[in-house]
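Trainee: Encoded as structure tokens, here's the structure I'll be asking about.
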Amino acid sequence: MTIDIRELTKKQLQEAVLEMSEKSFRANQIWEWLWKKCARSFDDMTSLPIALRNQLAEKFQFQTTYVDEEIKSIDKTAKLRFLLHDGQKIEGVIIPSLSRTTACISTQAGCPLGCGFCATGKFGFQRNLSTGEIFDQVAILNDYSLSYFKKQLTNIVIMGMGEPFLNFDAVMNAIDRIKSPEGLAMSPKRITLSTAGLVPEILRFADINNGAQLAISLHSANQLQRERIMPIAKKYPLKDLIKALEYYHTKTGDRVTIEYLLMSDVNDTLDDARELAAFCKHFPVKVNLIHYNEVPDLPYKKPSAETVADFGKYLEEKNIVVNIRRSRGDDIAAACGQLANEQTEK
Ligand code: SF4
């Protein structure tokens with residue numbers, strides 16, 4: 001069974017090219033086709049001799065991602081469903097605004113963490129995505145942005161289907177290709193990765209310090225309440241999460257984004273805000289408050305606009321930077337926590 005060419009490191013590609021008795025500069029050309037020119041097949045690599053393209057096709061697979069379906073929201077947010085080489089389907093979202101165009105991408109087909117409020121978690125886990133599959137979503141959404149909004153992507157949030165830190169190496173490799181001058185050359189400061197709070201991987205991410213930003217899907221700063229809505233909190237309790245985030249801040253100097261989905265009668269009282277404020281005192285943070293987007297068959301409800309405003313005001317009075325996020329794309333199930341494709345639903 002041959003492997004996908006995009007699983008190779010640059011050094012491995014150079015070795016493979018030499019094994020094929022080709023000049024070493026061919027490796028640079030191939031690398032550029034893979035990650036800068038975003039080739040989708042060996043046939044796209046038109047600066048290579050046909051004999052070399054054929055040799056590559058014999059030696060490696062080229063696992064391509066296709067757009068299977070595209071749904072547009074009335075607010076111009078678009079959800080793209082991607083078909084992977086083995087028939088798995090995942091989703092990505094593009095969110096345009098006046099000042100930025102943000103792509104939200106997936107890292108797993110499904111998710112094993114089973115957060116109670118989440119459409120993706122509800123349908124279980126299929127598999128991790130490869131580096132190429134994570135990269136493809138950015139390249140395709142960037143083309144989409146250029147076609148429809150006449151501008152490049154400005155921001156990438158790794159917050160779609162899946163827990164990125166359960167697919168650590170592929171996600172780090174994809175970030176590397178996205179930020180590299182030999183790849184898409186996007187600033188890592190504009191890439192934000194969101195985790196449910198996997199402590200060992202937060203420490204690894206801090207040590208790698210690749211410039212990408214970290215967000216925590218917190219959703220509750222009360223241990224028992226968090227365990228009820230996010231089972232992973234039993235394995236990594238808040239006290240350990242705080243220590244890991246302190247380490248992250250010390251290593252990177254970056255502040256942590258706290259994602260907090262407000263759910264009616266679950267985590268939206270002023271007592272909840274007080275506990276969140278206490279959690280935020282350990283390191284510099286920015287809090288994104290997002291009202292919950294209801295998911296069919298799940299019991300959680302959206303809070304009132306007044307509740308969201310009061311919660312935000314409480315945090316601001318404690319000198320915490322707060323953004324109350326306008327939810328985008330909820331009419332097409334593209335909003336936070338709503339991504340789950342039909343295949344998964346089956
Ligand atoms: Fe997985 Fe994130 Fe959904 Fe939790 S919220 S189940 S980590 S996709």
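The way I read the labels, and the way they are meant: chains A, B, ... in the order of the structure tokens, residue 1 as the first residue of every chain, and ligand 1 as the first ligand shown, with later ones counted on from there.
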Can you pull out every residue with an atom within 10 Å of ligand 1? Use only C-alpha atoms and all ligand atoms and format it as a PyMOL selection string.

Mentor: chain A and resi 106-125+159-166+194-198+217-219+229-232+261+336-340

Trainee: With only C-alpha atoms as the counted atoms, please give the residues lying no more than 12 Å from Lys313 in chain A, apart from itself and same-chain residues fewer than 4 positions off, as a list in words.

Mentor: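 So, after excluding close chain neighbours, the residues are Leu270, Ala273, Arg274, Ala277, Val287, Leu289, Glu306, Thr307, Val308, Ala309, Glu317, Lys318, Asn319, Ile320, Val321, Val322, Asn323 and Ile324 of chain A.
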
Trainee: Nearest to Val93 in chain A among A:Glu294, A:Arg328, A:Arg6, A:Gln126, with distances taken over only C-alpha atoms: which residue is it?

Mentor: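 Closest candidate: A:Arg328.
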
Trainee: Between CA of Gly92 in chain A and CA of Gly132 in chain A, measure the distance and give it in Å to one decimal.

Mentor: 14.6 Å

Trainee: Could you please write out, as a list in words, every residue of range 260-320 of chain A that DSSP assigns to strand (DSSP E)?

Mentor: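 Answer for range 260-320 of chain A, restricted to strand (DSSP E): Tyr260, Leu261, Leu262, Val285, Lys286, Val287, Asn288, Leu289, Ile290 and His291 of chain A.
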
Trainee: I need the residue nearest Asn128 in chain A from this list: A:Ala221, A:Ala305, A:Ile178, A:Val171. Use only C-alpha atoms for the distance.

Mentor: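 Selected residue with least distance to Asn128 in chain A: A:Val171.
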
Trainee: Which residues are near Pro303 in chain A? Cut-off 10 Å, only C-alpha atoms, ignore same chain within fewer than 4 positions. Put them as a PyMOL selection string.

Mentor: chain A and resi 261-268+290-293+307-308

Trainee: Would you mind exporting the chosen residues as a compact mmCIF listing (two decimals), in the first residue's frame, restricted to C-alpha atoms?

Mentor:
```txt
# COMPACT_ATOMS: atom_id res chain seq x y z
CA LEU A 261 -21.07 29.05 24.95
CA LEU A 262 -23.89 30.43 27.05
CA MET A 263 -26.67 27.88 27.51
CA SER A 264 -29.92 28.81 29.19
CA ASP A 265 -30.20 27.53 32.80
CA VAL A 266 -26.92 25.61 32.44
CA ASN A 267 -24.02 28.07 32.72
CA ASP A 268 -25.49 31.56 32.27
CA ILE A 290 -21.31 32.99 22.24
CA HIS A 291 -24.97 32.28 22.69
CA TYR A 292 -25.77 28.61 22.18
CA ASN A 293 -27.11 27.53 18.79
CA THR A 307 -28.84 37.32 29.95
CA VAL A 308 -25.88 37.36 27.55
```

Trainee: If we count only C-alpha atoms, what is near range 35-46 of chain A at a cut-off of 12 Å, once residues fewer than 2 positions away on the same chain are taken out, given as an mmCIF file with N, CA, C and O atoms, in the first residue's frame?

Mentor:
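Generated file (result_22.cif):
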```cif
data_model
loop_
_atom_site.group_PDB
_atom_site.id
_atom_site.type_symbol
_atom_site.label_atom_id
_atom_site.label_comp_id
_atom_site.auth_asym_id
_atom_site.auth_seq_id
_atom_site.Cartn_x
_atom_site.Cartn_y
_atom_site.Cartn_z
ATOM 1 N N ASP A 4 0.308 8.518 0.973
ATOM 2 C CA ASP A 4 0.001 9.819 0.370
ATOM 3 C C ASP A 4 1.280 10.661 0.350
ATOM 4 O O ASP A 4 1.968 10.762 1.378
ATOM 5 N N ILE A 5 1.575 11.255 -0.771
ATOM 6 C CA ILE A 5 2.828 12.029 -0.901
ATOM 7 C C ILE A 5 2.881 13.169 0.116
ATOM 8 O O ILE A 5 3.947 13.559 0.577
ATOM 9 N N ARG A 6 1.698 13.670 0.532
ATOM 10 C CA ARG A 6 1.722 14.807 1.463
ATOM 11 C C ARG A 6 1.959 14.387 2.908
ATOM 12 O O ARG A 6 1.977 15.217 3.806
ATOM 13 N N GLU A 7 2.154 13.078 3.127
ATOM 14 C CA GLU A 7 2.571 12.617 4.462
ATOM 15 C C GLU A 7 4.085 12.741 4.637
ATOM 16 O O GLU A 7 4.595 12.580 5.744
ATOM 17 N N LEU A 8 4.804 13.009 3.543
ATOM 18 C CA LEU A 8 6.268 13.084 3.627
ATOM 19 C C LEU A 8 6.732 14.418 4.192
ATOM 20 O O LEU A 8 6.131 15.459 3.903
ATOM 21 N N THR A 9 7.829 14.372 4.964
ATOM 22 C CA THR A 9 8.517 15.618 5.306
ATOM 23 C C THR A 9 9.327 16.035 4.085
ATOM 24 O O THR A 9 9.510 15.240 3.143
ATOM 25 N N LYS A 10 9.845 17.255 4.119
ATOM 26 C CA LYS A 10 10.625 17.704 2.962
ATOM 27 C C LYS A 10 11.872 16.821 2.790
ATOM 28 O O LYS A 10 12.243 16.469 1.671
ATOM 29 N N ARG A 26 14.396 18.821 -8.155
ATOM 30 C CA ARG A 26 13.037 18.351 -8.418
ATOM 31 C C ARG A 26 12.214 18.270 -7.113
ATOM 32 O O ARG A 26 11.002 18.484 -7.123
ATOM 33 N N ASN A 28 12.402 20.301 -4.598
ATOM 34 C CA ASN A 28 11.893 21.654 -4.300
ATOM 35 C C ASN A 28 10.685 21.973 -5.174
ATOM 36 O O ASN A 28 9.702 22.554 -4.714
ATOM 37 N N GLN A 29 10.773 21.577 -6.449
ATOM 38 C CA GLN A 29 9.639 21.835 -7.362
ATOM 39 C C GLN A 29 8.384 21.101 -6.880
ATOM 40 O O GLN A 29 7.291 21.665 -6.863
ATOM 41 N N ILE A 30 8.564 19.840 -6.505
ATOM 42 C CA ILE A 30 7.392 19.038 -6.068
ATOM 43 C C ILE A 30 6.809 19.643 -4.787
ATOM 44 O O ILE A 30 5.594 19.802 -4.646
ATOM 45 N N TRP A 31 7.711 19.993 -3.860
ATOM 46 C CA TRP A 31 7.256 20.573 -2.592
ATOM 47 C C TRP A 31 6.425 21.844 -2.850
ATOM 48 O O TRP A 31 5.380 22.077 -2.244
ATOM 49 N N GLU A 32 6.912 22.655 -3.789
ATOM 50 C CA GLU A 32 6.199 23.883 -4.130
ATOM 51 C C GLU A 32 4.821 23.579 -4.738
ATOM 52 O O GLU A 32 3.819 24.219 -4.403
ATOM 53 N N TRP A 33 4.763 22.558 -5.598
ATOM 54 C CA TRP A 33 3.459 22.171 -6.156
ATOM 55 C C TRP A 33 2.497 21.707 -5.060
ATOM 56 O O TRP A 33 1.306 22.000 -5.087
ATOM 57 N N LEU A 48 6.976 19.528 -14.236
ATOM 58 C CA LEU A 48 7.739 18.273 -14.118
ATOM 59 C C LEU A 48 7.596 17.480 -15.423
ATOM 60 O O LEU A 48 6.513 17.473 -16.028
ATOM 61 N N PRO A 49 8.657 16.755 -15.815
ATOM 62 C CA PRO A 49 8.521 15.893 -17.001
ATOM 63 C C PRO A 49 7.417 14.843 -16.763
ATOM 64 O O PRO A 49 7.227 14.391 -15.626
ATOM 65 N N ILE A 50 6.729 14.476 -17.826
ATOM 66 C CA ILE A 50 5.623 13.514 -17.673
ATOM 67 C C ILE A 50 6.133 12.199 -17.069
ATOM 68 O O ILE A 50 5.458 11.582 -16.233
ATOM 69 N N ALA A 51 7.356 11.780 -17.460
ATOM 70 C CA ALA A 51 7.893 10.505 -16.932
ATOM 71 C C ALA A 51 8.015 10.571 -15.406
ATOM 72 O O ALA A 51 7.702 9.596 -14.711
ATOM 73 N N LEU A 52 8.448 11.730 -14.884
ATOM 74 C CA LEU A 52 8.577 11.868 -13.428
ATOM 75 C C LEU A 52 7.193 11.874 -12.766
ATOM 76 O O LEU A 52 6.989 11.245 -11.715
ATOM 77 N N ARG A 53 6.239 12.550 -13.376
ATOM 78 C CA ARG A 53 4.874 12.549 -12.809
ATOM 79 C C ARG A 53 4.343 11.118 -12.739
ATOM 80 O O ARG A 53 3.728 10.720 -11.762
ATOM 81 N N ASN A 54 4.621 10.342 -13.800
ATOM 82 C CA ASN A 54 4.158 8.941 -13.795
ATOM 83 C C ASN A 54 4.852 8.131 -12.703
ATOM 84 O O ASN A 54 4.225 7.320 -12.023
ATOM 85 N N GLN A 55 6.146 8.380 -12.538
ATOM 86 C CA GLN A 55 6.901 7.668 -11.486
ATOM 87 C C GLN A 55 6.330 7.990 -10.104
ATOM 88 O O GLN A 55 6.175 7.116 -9.256
ATOM 89 N N LEU A 56 6.033 9.281 -9.902
ATOM 90 C CA LEU A 56 5.463 9.695 -8.604
ATOM 91 C C LEU A 56 4.119 9.008 -8.370
ATOM 92 O O LEU A 56 3.824 8.533 -7.274
ATOM 93 N N ALA A 57 3.317 8.925 -9.430
ATOM 94 C CA ALA A 57 1.984 8.317 -9.295
ATOM 95 C C ALA A 57 2.093 6.823 -8.988
ATOM 96 O O ALA A 57 1.221 6.250 -8.327
ATOM 97 N N GLU A 58 3.179 6.179 -9.476
ATOM 98 C CA GLU A 58 3.376 4.753 -9.156
ATOM 99 C C GLU A 58 3.809 4.572 -7.704
ATOM 100 O O GLU A 58 3.430 3.621 -7.038
ATOM 101 N N LYS A 59 4.580 5.531 -7.219
ATOM 102 C CA LYS A 59 5.189 5.392 -5.888
ATOM 103 C C LYS A 59 4.290 5.897 -4.750
ATOM 104 O O LYS A 59 4.356 5.394 -3.640
ATOM 105 N N PHE A 60 3.463 6.914 -5.055
ATOM 106 C CA PHE A 60 2.673 7.557 -3.989
ATOM 107 C C PHE A 60 1.213 7.707 -4.396
ATOM 108 O O PHE A 60 0.891 7.807 -5.576
ATOM 109 N N GLN A 61 0.373 7.800 -3.369
ATOM 110 C CA GLN A 61 -1.012 8.239 -3.609
ATOM 111 C C GLN A 61 -1.048 9.770 -3.565
ATOM 112 O O GLN A 61 -0.172 10.397 -2.974
ATOM 113 N N PHE A 62 -2.078 10.345 -4.149
ATOM 114 C CA PHE A 62 -2.354 11.773 -3.970
ATOM 115 C C PHE A 62 -3.812 11.860 -3.526
ATOM 116 O O PHE A 62 -4.716 11.746 -4.341
ATOM 117 N N GLN A 63 -4.004 11.967 -2.223
ATOM 118 C CA GLN A 63 -5.369 11.901 -1.675
ATOM 119 C C GLN A 63 -6.006 13.287 -1.724
ATOM 120 O O GLN A 63 -5.630 14.182 -0.969
ATOM 121 N N THR A 64 -6.927 13.438 -2.644
ATOM 122 C CA THR A 64 -7.490 14.769 -2.915
ATOM 123 C C THR A 64 -8.819 14.968 -2.197
ATOM 124 O O THR A 64 -9.577 14.019 -2.005
ATOM 125 N N THR A 65 -9.067 16.206 -1.798
ATOM 126 C CA THR A 65 -10.315 16.593 -1.130
ATOM 127 C C THR A 65 -11.192 17.345 -2.126
ATOM 128 O O THR A 65 -10.701 18.227 -2.823
ATOM 129 N N TYR A 66 -12.458 16.975 -2.196
ATOM 130 C CA TYR A 66 -13.384 17.659 -3.111
ATOM 131 C C TYR A 66 -14.485 18.354 -2.320
ATOM 132 O O TYR A 66 -14.851 17.903 -1.236
ATOM 133 N N HIS A 85 -10.965 11.164 0.366
ATOM 134 C CA HIS A 85 -10.650 10.096 -0.594
ATOM 135 C C HIS A 85 -11.337 8.777 -0.263
ATOM 136 O O HIS A 85 -11.606 7.974 -1.142
ATOM 137 N N THR A 131 -2.592 15.514 7.354
ATOM 138 C CA THR A 131 -2.064 16.876 7.147
ATOM 139 C C THR A 131 -2.646 17.476 5.872
ATOM 140 O O THR A 131 -3.098 18.629 5.847
ATOM 141 N N GLY A 132 -2.647 16.690 4.787
ATOM 142 C CA GLY A 132 -3.145 17.174 3.500
ATOM 143 C C GLY A 132 -4.618 17.542 3.567
ATOM 144 O O GLY A 132 -5.045 18.544 2.976
ATOM 145 N N GLU A 133 -5.400 16.749 4.285
ATOM 146 C CA GLU A 133 -6.841 17.023 4.366
ATOM 147 C C GLU A 133 -7.136 18.284 5.181
ATOM 148 O O GLU A 133 -8.086 19.016 4.890
ATOM 149 N N ILE A 134 -6.329 18.540 6.201
ATOM 150 C CA ILE A 134 -6.511 19.771 6.986
ATOM 151 C C ILE A 134 -6.085 20.971 6.130
ATOM 152 O O ILE A 134 -6.788 21.974 6.033
ATOM 153 N N PHE A 135 -4.951 20.821 5.447
ATOM 154 C CA PHE A 135 -4.441 21.887 4.570
ATOM 155 C C PHE A 135 -5.432 22.182 3.442
ATOM 156 O O PHE A 135 -5.676 23.349 3.114
ATOM 157 N N ASP A 136 -5.982 21.129 2.828
ATOM 158 C CA ASP A 136 -6.900 21.313 1.691
ATOM 159 C C ASP A 136 -8.068 22.223 2.047
ATOM 160 O O ASP A 136 -8.518 23.022 1.219
ATOM 161 N N GLN A 137 -8.598 22.078 3.266
ATOM 162 C CA GLN A 137 -9.741 22.913 3.644
ATOM 163 C C GLN A 137 -9.371 24.389 3.576
ATOM 164 O O GLN A 137 -10.154 25.218 3.097
ATOM 165 N N VAL A 138 -8.152 24.716 4.039
ATOM 166 C CA VAL A 138 -7.717 26.123 4.008
ATOM 167 C C VAL A 138 -7.534 26.578 2.563
ATOM 168 O O VAL A 138 -8.005 27.654 2.172
ATOM 169 N N ALA A 139 -6.867 25.736 1.750
ATOM 170 C CA ALA A 139 -6.609 26.125 0.359
ATOM 171 C C ALA A 139 -7.931 26.311 -0.391
ATOM 172 O O ALA A 139 -8.103 27.284 -1.135
ATOM 173 N N ILE A 140 -8.884 25.401 -0.173
ATOM 174 C CA ILE A 140 -10.164 25.485 -0.897
ATOM 175 C C ILE A 140 -10.970 26.690 -0.403
ATOM 176 O O ILE A 140 -11.553 27.438 -1.190
ATOM 177 N N ASN A 142 -9.781 29.372 0.878
ATOM 178 C CA ASN A 142 -9.103 30.586 0.398
ATOM 179 C C ASN A 142 -9.513 30.875 -1.054
ATOM 180 O O ASN A 142 -9.817 32.022 -1.396
ATOM 181 N N ASP A 143 -9.569 29.834 -1.889
ATOM 182 C CA ASP A 143 -10.039 30.023 -3.280
ATOM 183 C C ASP A 143 -11.478 30.531 -3.287
ATOM 184 O O ASP A 143 -11.846 31.404 -4.068
ATOM 185 N N ASN A 173 1.680 19.834 11.630
ATOM 186 C CA ASN A 173 2.272 19.831 10.284
ATOM 187 C C ASN A 173 1.473 20.739 9.343
ATOM 188 O O ASN A 173 2.041 21.460 8.522
ATOM 189 N N ALA A 174 0.143 20.691 9.472
ATOM 190 C CA ALA A 174 -0.690 21.530 8.600
ATOM 191 C C ALA A 174 -0.435 23.007 8.900
ATOM 192 O O ALA A 174 -0.294 23.825 7.970
ATOM 193 N N ILE A 175 -0.347 23.371 10.193
ATOM 194 C CA ILE A 175 -0.058 24.778 10.549
ATOM 195 C C ILE A 175 1.287 25.191 9.940
ATOM 196 O O ILE A 175 1.441 26.278 9.387
ATOM 197 N N ASP A 176 2.248 24.269 10.036
ATOM 198 C CA ASP A 176 3.567 24.539 9.481
ATOM 199 C C ASP A 176 3.492 24.855 7.981
ATOM 200 O O ASP A 176 4.084 25.826 7.498
ATOM 201 N N ARG A 177 2.723 24.043 7.234
ATOM 202 C CA ARG A 177 2.597 24.269 5.772
ATOM 203 C C ARG A 177 1.797 25.547 5.486
ATOM 204 O O ARG A 177 2.030 26.220 4.495
ATOM 205 N N ILE A 178 0.836 25.872 6.336
ATOM 206 C CA ILE A 178 0.000 27.063 6.107
ATOM 207 C C ILE A 178 0.821 28.334 6.343
ATOM 208 O O ILE A 178 0.723 29.301 5.601
ATOM 209 N N LYS A 179 1.677 28.313 7.363
ATOM 210 C CA LYS A 179 2.409 29.547 7.701
ATOM 211 C C LYS A 179 3.733 29.680 6.931
ATOM 212 O O LYS A 179 4.265 30.777 6.812
ATOM 213 N N SER A 180 4.251 28.585 6.403
ATOM 214 C CA SER A 180 5.582 28.606 5.792
ATOM 215 C C SER A 180 5.613 29.467 4.523
ATOM 216 O O SER A 180 4.683 29.434 3.718
ATOM 217 N N PRO A 181 6.721 30.207 4.300
ATOM 218 C CA PRO A 181 6.879 30.907 3.017
ATOM 219 C C PRO A 181 6.885 29.914 1.852
ATOM 220 O O PRO A 181 6.610 30.283 0.725
ATOM 221 N N GLU A 182 7.226 28.646 2.123
ATOM 222 C CA GLU A 182 7.179 27.625 1.062
ATOM 223 C C GLU A 182 5.777 27.028 0.933
ATOM 224 O O GLU A 182 5.560 26.080 0.196
ATOM 225 N N GLY A 183 4.841 27.563 1.741
ATOM 226 C CA GLY A 183 3.451 27.105 1.668
ATOM 227 C C GLY A 183 2.554 28.288 1.387
ATOM 228 O O GLY A 183 2.827 29.082 0.480
ATOM 229 N N LEU A 184 1.510 28.454 2.226
ATOM 230 C CA LEU A 184 0.553 29.537 1.962
ATOM 231 C C LEU A 184 0.991 30.882 2.544
ATOM 232 O O LEU A 184 0.358 31.904 2.292
ATOM 233 N N ALA A 185 2.042 30.871 3.357
ATOM 234 C CA ALA A 185 2.643 32.105 3.914
ATOM 235 C C ALA A 185 1.625 32.956 4.678
ATOM 236 O O ALA A 185 1.629 34.181 4.569
ATOM 237 N N MET A 186 0.735 32.309 5.425
ATOM 238 C CA MET A 186 -0.213 33.074 6.245
ATOM 239 C C MET A 186 0.394 33.259 7.638
ATOM 240 O O MET A 186 1.084 32.383 8.149
#
```

Trainee: For Leu203 in chain A, which residue among A:Asn167, A:Gln225, A:Thr250, A:Thr257 is the nearest when counting only C-alpha atoms?

Mentor: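 Ranked by minimum distance to Leu203 in chain A, first place goes to A:Thr250.
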
Trainee: Taking the backbone alone, and naming residues the way the document does, which bits of range 71-291 of chain A are alpha helix (DSSP H) by DSSP, as a PyMOL selection string?

Mentor: chain A and resi 119-122+131-149+168-179+199-208+223-229+232-235+238-252+270-280

Trainee: Expressed in Å to a single decimal, how great is the separation between CA of Val256 in chain A and CA of Arg228 in chain A?

Mentor: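 Calculated distance between CA of Val256 in chain A and CA of Arg228 in chain A is 23.4 Å.
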
Trainee: Between A:Ala78, A:Met20, A:Ala27, A:Ala215, which is the closest to Lys286 in chain A once you count only C-alpha atoms?

Mentor: A:Ala215

Trainee: Have a look at A:Leu18, A:Ile258, A:Ala170, A:Ala103 and name the one nearest to Ile191 in chain A; count only C-alpha atoms.

Mentor: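 Among the listed residues, A:Ala103 lies closest to Ile191 in chain A.
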
Trainee: Just the residues within 8 Å of Leu245 in chain A, please, counting only C-alpha atoms, with nothing from its chain fewer than 2 positions along; format it as a PyMOL selection string.

Mentor: chain A and resi 202+241-243+247-249+256+283

Trainee: Only N, CA, C and O atoms, please: the residues just picked out, written as a compact mmCIF listing (two decimals), in the first residue's frame.

Mentor:
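Here's the written file part-v2.txt:
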```txt
# COMPACT_ATOMS: atom_id res chain seq x y z
N ILE A 202 -1.54 20.72 25.65
CA ILE A 202 -1.34 22.17 25.85
C ILE A 202 0.14 22.42 26.18
O ILE A 202 0.76 23.35 25.66
N LEU A 241 -5.86 22.27 34.34
CA LEU A 241 -5.96 23.13 33.16
C LEU A 241 -5.35 24.50 33.45
O LEU A 241 -4.61 25.06 32.63
N ILE A 242 -5.64 25.03 34.64
CA ILE A 242 -5.08 26.34 35.02
C ILE A 242 -3.55 26.29 35.01
O ILE A 242 -2.89 27.15 34.43
N LYS A 243 -2.98 25.22 35.58
CA LYS A 243 -1.50 25.12 35.62
C LYS A 243 -0.94 25.05 34.20
O LYS A 243 0.09 25.67 33.90
N TYR A 247 1.57 27.75 32.31
CA TYR A 247 2.81 27.35 31.62
C TYR A 247 2.81 27.87 30.18
O TYR A 247 3.80 28.42 29.70
N TYR A 248 1.66 27.72 29.52
CA TYR A 248 1.54 28.18 28.12
C TYR A 248 1.85 29.68 28.03
O TYR A 248 2.62 30.12 27.18
N HIS A 249 1.27 30.45 28.94
CA HIS A 249 1.50 31.90 28.89
C HIS A 249 2.97 32.23 29.17
O HIS A 249 3.57 33.09 28.52
N VAL A 256 -4.64 33.83 26.39
CA VAL A 256 -5.47 32.68 26.04
C VAL A 256 -6.87 33.18 25.71
O VAL A 256 -7.41 34.02 26.43
N PHE A 283 -4.11 34.20 34.21
CA PHE A 283 -3.26 34.52 33.05
C PHE A 283 -4.05 35.49 32.19
O PHE A 283 -5.26 35.60 32.31
```

Trainee: Give me the residues near Glu246 in chain A as a list in words, where near means some atom within 12 Å (using only C-alpha atoms) and where sequence neighbours in that chain fewer than 6 positions away do not count.

Mentor: Val199, Ile202, Leu203, Ala206, Lys239, Asp240, Thr252, Gly253, Asp254, Arg255, Val256, Phe279, Cys280, Lys281, His282, Phe283, Pro284 and Val285 of chain A

Trainee: Write to file, as a tab-separated table (two decimals), in the first residue's frame, the residues of the selection just made, with N, CA, C and O atoms.

Mentor:
```tsv
chain	number	residue	atom	x	y	z
A	199	VAL	N	-4.62	18.59	28.69
A	199	VAL	CA	-3.48	19.19	29.40
A	199	VAL	C	-2.11	18.80	28.81
A	199	VAL	O	-1.29	19.68	28.54
A	202	ILE	N	-1.54	20.72	25.65
A	202	ILE	CA	-1.34	22.17	25.85
A	202	ILE	C	0.14	22.42	26.18
A	202	ILE	O	0.76	23.35	25.66
A	203	LEU	N	0.72	21.55	27.00
A	203	LEU	CA	2.14	21.71	27.35
A	203	LEU	C	3.03	21.52	26.12
A	203	LEU	O	3.97	22.28	25.89
A	206	ALA	N	2.74	24.53	23.92
A	206	ALA	CA	3.52	25.64	24.49
A	206	ALA	C	4.99	25.48	24.15
A	206	ALA	O	5.67	26.45	23.79
A	239	LYS	N	-8.21	22.51	37.81
A	239	LYS	CA	-6.98	22.91	38.51
A	239	LYS	C	-5.74	22.56	37.66
A	239	LYS	O	-4.77	23.31	37.62
A	240	ASP	N	-5.79	21.44	36.95
A	240	ASP	CA	-4.67	21.06	36.07
A	240	ASP	C	-4.65	21.94	34.81
A	240	ASP	O	-3.59	22.28	34.29
A	252	THR	N	4.99	31.28	25.92
A	252	THR	CA	4.72	31.96	24.65
A	252	THR	C	4.53	33.47	24.80
A	252	THR	O	4.65	34.21	23.82
A	253	GLY	N	4.17	33.91	26.00
A	253	GLY	CA	3.83	35.32	26.19
A	253	GLY	C	2.45	35.68	25.66
A	253	GLY	O	2.03	36.83	25.73
A	254	ASP	N	1.75	34.71	25.08
A	254	ASP	CA	0.45	34.99	24.46
A	254	ASP	C	-0.68	34.86	25.48
A	254	ASP	O	-0.61	34.06	26.42
A	255	ARG	N	-1.73	35.64	25.24
A	255	ARG	CA	-2.90	35.47	26.08
A	255	ARG	C	-3.73	34.30	25.55
A	255	ARG	O	-3.57	33.86	24.41
A	256	VAL	N	-4.64	33.83	26.39
A	256	VAL	CA	-5.47	32.68	26.04
A	256	VAL	C	-6.87	33.18	25.71
A	256	VAL	O	-7.41	34.02	26.43
A	279	PHE	N	-11.47	32.16	37.27
A	279	PHE	CA	-10.61	31.34	36.40
A	279	PHE	C	-9.69	32.24	35.57
A	279	PHE	O	-8.51	31.93	35.36
A	280	CYS	N	-10.25	33.37	35.11
A	280	CYS	CA	-9.51	34.25	34.18
A	280	CYS	C	-8.41	35.04	34.86
A	280	CYS	O	-7.60	35.69	34.18
A	281	LYS	N	-8.36	35.04	36.17
A	281	LYS	CA	-7.37	35.86	36.87
A	281	LYS	C	-5.97	35.24	36.83
A	281	LYS	O	-4.99	35.86	37.22
A	282	HIS	N	-5.85	34.00	36.37
A	282	HIS	CA	-4.56	33.29	36.45
A	282	HIS	C	-3.60	33.66	35.33
A	282	HIS	O	-2.40	33.40	35.43
A	283	PHE	N	-4.11	34.20	34.21
A	283	PHE	CA	-3.26	34.52	33.05
A	283	PHE	C	-4.05	35.49	32.19
A	283	PHE	O	-5.26	35.60	32.31
A	284	PRO	N	-3.37	36.23	31.28
A	284	PRO	CA	-4.11	37.18	30.44
A	284	PRO	C	-5.06	36.43	29.50
A	284	PRO	O	-4.67	35.41	28.91
A	285	VAL	N	-6.27	36.93	29.40
A	285	VAL	CA	-7.28	36.24	28.58
A	285	VAL	C	-8.08	37.25	27.76
A	285	VAL	O	-8.12	38.44	28.05
```

Trainee: Can you work out the spacing between CA of Phe311 in chain A and CA of Ala212 in chain A in Å, to one decimal?

Mentor: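 CA of Ala212 in chain A lies at a distance of 28.5 Å from CA of Phe311 in chain A.
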
Trainee: Considering only C-alpha atoms, can you say which of A:Thr269, A:Thr102, A:Thr192, A:Gln88 comes closest to Asp68 in chain A?

Mentor: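 Closest to Asp68 in chain A, using only C-alpha atoms: A:Gln88.
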